[in-house]
Amino acid sequence: MRSQQLALGMGLMVAVGCAGRKVSTDFSPAFSLSQYRTFALVMPPSKMGEQLVDQRVRNAVRAQLDAKGLTASDRQNADVFAGYGVVDKTHTEVYTSQDGWGWGGWGWRNYRWGVPWPMTAQRRIETYTDGTVVVNLIDARTRQVVWHGEVADVVNLPVSDPARATRQINDAVAKLFEKFPPQTPRA
């Protein structure tokens, strides 16, 4: 029974983790996609160990901007610069589980006398690093950020399954660009 409950709980945690990533965007009220025709990707590759992740993000951002009607260009001829990156954050999760049942004692603050109560607790600590993808669109003329987006918990670093990492990054960047270009409220 206990193992079934544990399996169910783990399954629910995995399902919740896959259900959706936190996506946030912000933009300048003066932003209008119609004023931009070309873009240039401007972030240099990151650390040696993360160049492959950088290439995956670069390809995903390029594909989304292409799909939105922008054309890739060099920096000198671009209307907008697309800066991107992966921010790696280290998380620590502490899991506590009860290990066995015993009988309570007697005395002040020990009101459990004669009642079954968990007697020992075990803690398991897990540490993982996730990659949050960040994309900024910067007006090439004014050098001002006109759109910012980020999607959290895209990929665990270091990458252990390259095909899965590529799918995760592509899916996350597509989700990031779902509401791009932003719709400005009409006055």
# chains A, B, ... in the order shown; residues from 1 in each chain; ligands from 1

$ residues_around --residues "Met43 in chain A" --least-positions-apart "2" --cutoff "8 Å" --atoms "only C-alpha atoms" --output "ChimeraX atom specification"
/A:41,45,82-85

$ closest_residue --among "A:Val146, A:Ala78, A:Ala63, A:Gln55" --to "Pro29 in chain A" --atoms "only C-alpha atoms"
A:Val146

$ closest_residue --among "A:Glu50, A:Asp139, A:Asp66, A:Asp161" --to "Tyr36 in chain A" --atoms "only C-alpha atoms"
A:Asp139

$ residues_around --residues "Asp79 in chain A" --least-positions-apart "3" --cutoff "6 Å" --atoms "only C-alpha atoms" --output "ChimeraX atom specification"
/A:36,38-39,140
